[in-house]
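Input: a single structure, listed below in C-alpha cells.
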Amino acid sequence: MPSSVIAHMIYSADTRTLRIIFVSGMVYDYKDVPEAVYLAMKSSGSKGIYLNKHIKGHYDFEKVK
C-alpha cells in the first residue's frame, strides 16, 4: 500500500470503522464507513487523494493518537 501520507489502513466490517494511520504517526477512526468505500480506497491509485475527496468531510471521525 504505497502512500506518501498514509502508512496503514485497517477496516472493521463489524463496526464500519476505518482506521487511518498516517506516516506522521497520527491515527484517526472514521465512523460508519461502508465497506465499498474502504475497498474503493484500498484499490485507488492515490490513497491520500481518495481520503480527501471521499472520506474527509463525509464521515464523522475521532482522533485516536
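Chains: A, B, ... in order of the C-alpha cells. Residues: from 1 per chain. Ligands: from 1, in order shown.
Look at stretch 20-36 of chain A: the protein and nucleic acid residues within 7 Å of it, using only C-alpha atoms and passing over chain neighbours fewer than 4 places away, are Val5, Ile6, Ala7, His8, Met9, Ile10, Ala13, Arg16, Ala40, Tyr59, Asp60, Phe61, Glu62, Lys63, Val64 and Lys65 of chain A.
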Keeping C-alpha atoms for every residue in the selection just given, could you write it to a file as a PDB file, in the first residue's frame?
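Written file, selection-v7.pdb:
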```pdb
ATOM      1  CA  VAL A   5       0.861  10.227   3.701  1.00  0.00           C
ATOM      2  CA  ILE A   6      -0.919   7.044   4.814  1.00  0.00           C
ATOM      3  CA  ALA A   7       1.166   4.361   6.497  1.00  0.00           C
ATOM      4  CA  HIS A   8      -1.641   1.840   7.070  1.00  0.00           C
ATOM      5  CA  MET A   9      -5.408   1.358   6.893  1.00  0.00           C
ATOM      6  CA  ILE A  10      -7.493  -1.005   8.988  1.00  0.00           C
ATOM      7  CA  ALA A  13     -16.732  -4.502   8.921  1.00  0.00           C
ATOM      8  CA  ARG A  16     -17.859   0.031   9.913  1.00  0.00           C
ATOM      9  CA  ALA A  40     -12.522   1.621  -3.350  1.00  0.00           C
ATOM     10  CA  TYR A  59     -17.870  10.740   7.783  1.00  0.00           C
ATOM     11  CA  ASP A  60     -17.587  11.531  11.466  1.00  0.00           C
ATOM     12  CA  PHE A  61     -14.141  10.892  12.873  1.00  0.00           C
ATOM     13  CA  GLU A  62     -12.245  10.635  16.119  1.00  0.00           C
ATOM     14  CA  LYS A  63      -8.575  11.382  16.610  1.00  0.00           C
ATOM     15  CA  VAL A  64      -7.123   8.360  18.407  1.00  0.00           C
ATOM     16  CA  LYS A  65      -3.493   9.425  18.604  1.00  0.00           C
TER      17      LYS A  65
END
```
So which residues of chain A fall under alpha helix (DSSP H) by DSSP, listed as a list in words?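 The alpha helix (DSSP H) subset of chain A is Glu35, Ala36, Val37, Tyr38, Leu39, Ala40, Met41, Lys42, Ser43, Lys47, Gly48, Ile49 and Tyr50 of chain A.
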Point-to-point distance from atom CA of A:Ser3 to atom CA of A:Gly48, Å rounded to tenths: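 About the pair atom CA of A:Ser3 and atom CA of A:Gly48: they are 7.1 Å apart.
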Taking only chain A into account, list the residues labelled strand (DSSP E or B) by DSSP (computed from the backbone), as a ChimeraX atom specification. /A:6-12,17-22,27-30,61-63
Atom CA of A:Ser4 to atom CA of A:Leu39: how many Å, to one decimal?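 We find that atom CA of A:Ser4 and atom CA of A:Leu39 lie 19.0 Å from each other.
What separates atom CA of A:His54 from atom CA of A:Thr15 is a distance of 18.9 Å.
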